[in-house]
Amino acid sequence: MSRPAVFLDRDGTLVEEVAYLHDPERLVLLPGVGALAGLAAAGFALVVVTNQAGVARGYYDQAAVERVHRRLGELVAGAGVRLDAVLSCPHHPEGTVARYARACRCRKPGPGLLETAAERLDLDLPASYLIGNQPTDAGAAVAAGVTPLLVATGHGAGRAPPPGVAAFPDLEAAAGAVLAARKRPDPPRP
């Protein structure tokens, strides 16, 4: 039986925004990550979806991304949270590494990362949410048929959400809205 997910942007949503983050030692969780444990307890899969254009640009390789994601798993575990999956897109149309220099469906705002996770983990996309801090996150959610929620953290601070997208001050508030919506039939409203 399919279950819902809460998809999570990485940079600026779960962790401090660092340009082209590829060093696990620079990974710092944002406040409120512990609130994700309540989402997992309510039956949501927790799936990180992140664009990693630094791979296409030749700034770092896939192994660096994997090291950061291993460290991310360790840090969130310390907050009582277990991630079901972490998926990343290494592509960028202006990349310098030929293998990754292209447009693709997985690069947010495309829905590919969410669709891949849904297939691998048997997720119910229409019952799912994506919490992010950029319009591209909201775009990926809409393209995949998922409810978008934006947080005003990282580069999203001070930015108005796209029309019709609910916005929250931080991850903890967004997680609370998802849990509250679970108790009523309508998704969170802007």
# chains A, B, ... in the order shown; residues from 1 in each chain; ligands from 1
>>> residues_around(residues="Pro169 of chain A", least_positions_apart="2", cutoff="12 Å", atoms="only C-alpha atoms", output="ChimeraX atom specification")
/A:13,31-32,131-133,149-154,156-161,166-167,171-177
>>> residues_around(residues="Gly95 of chain A", least_positions_apart="6", cutoff="6 Å", atoms="only C-alpha atoms", output="NGL selection string")
:A and (56-57 or 101)
>>> closest_residue(among="A:Ala41, A:Val178, A:Leu8, A:Leu72", to="Arg26 of chain A", atoms="only C-alpha atoms")
A:Leu72
>>> closest_residue(among="A:Gly73, A:Gly38, A:Pro111, A:Pro162", to="Cys89 of chain A", atoms="only C-alpha atoms")
A:Pro111
>>> residues_around(residues="Leu14 of chain A", least_positions_apart="4", cutoff="8 Å", atoms="only C-alpha atoms", output="list in words")
Leu8, Asp9, Arg10, Leu29, Leu30, Val33 and Leu171 of chain A
>>> residues_around(residues="Ala143 of chain A", least_positions_apart="4", cutoff="9 Å", atoms="only C-alpha atoms", output="list in words")
Pro109, Gly110, Pro111, Ala138 and Gly139 of chain A
>>> select_by_dssp(residues="segment 40-115 of chain A", states="helix (DSSP H, G or I)", output="VMD selection string")
chain A and resid 40 to 41 53 to 56 62 to 78 112 to 115
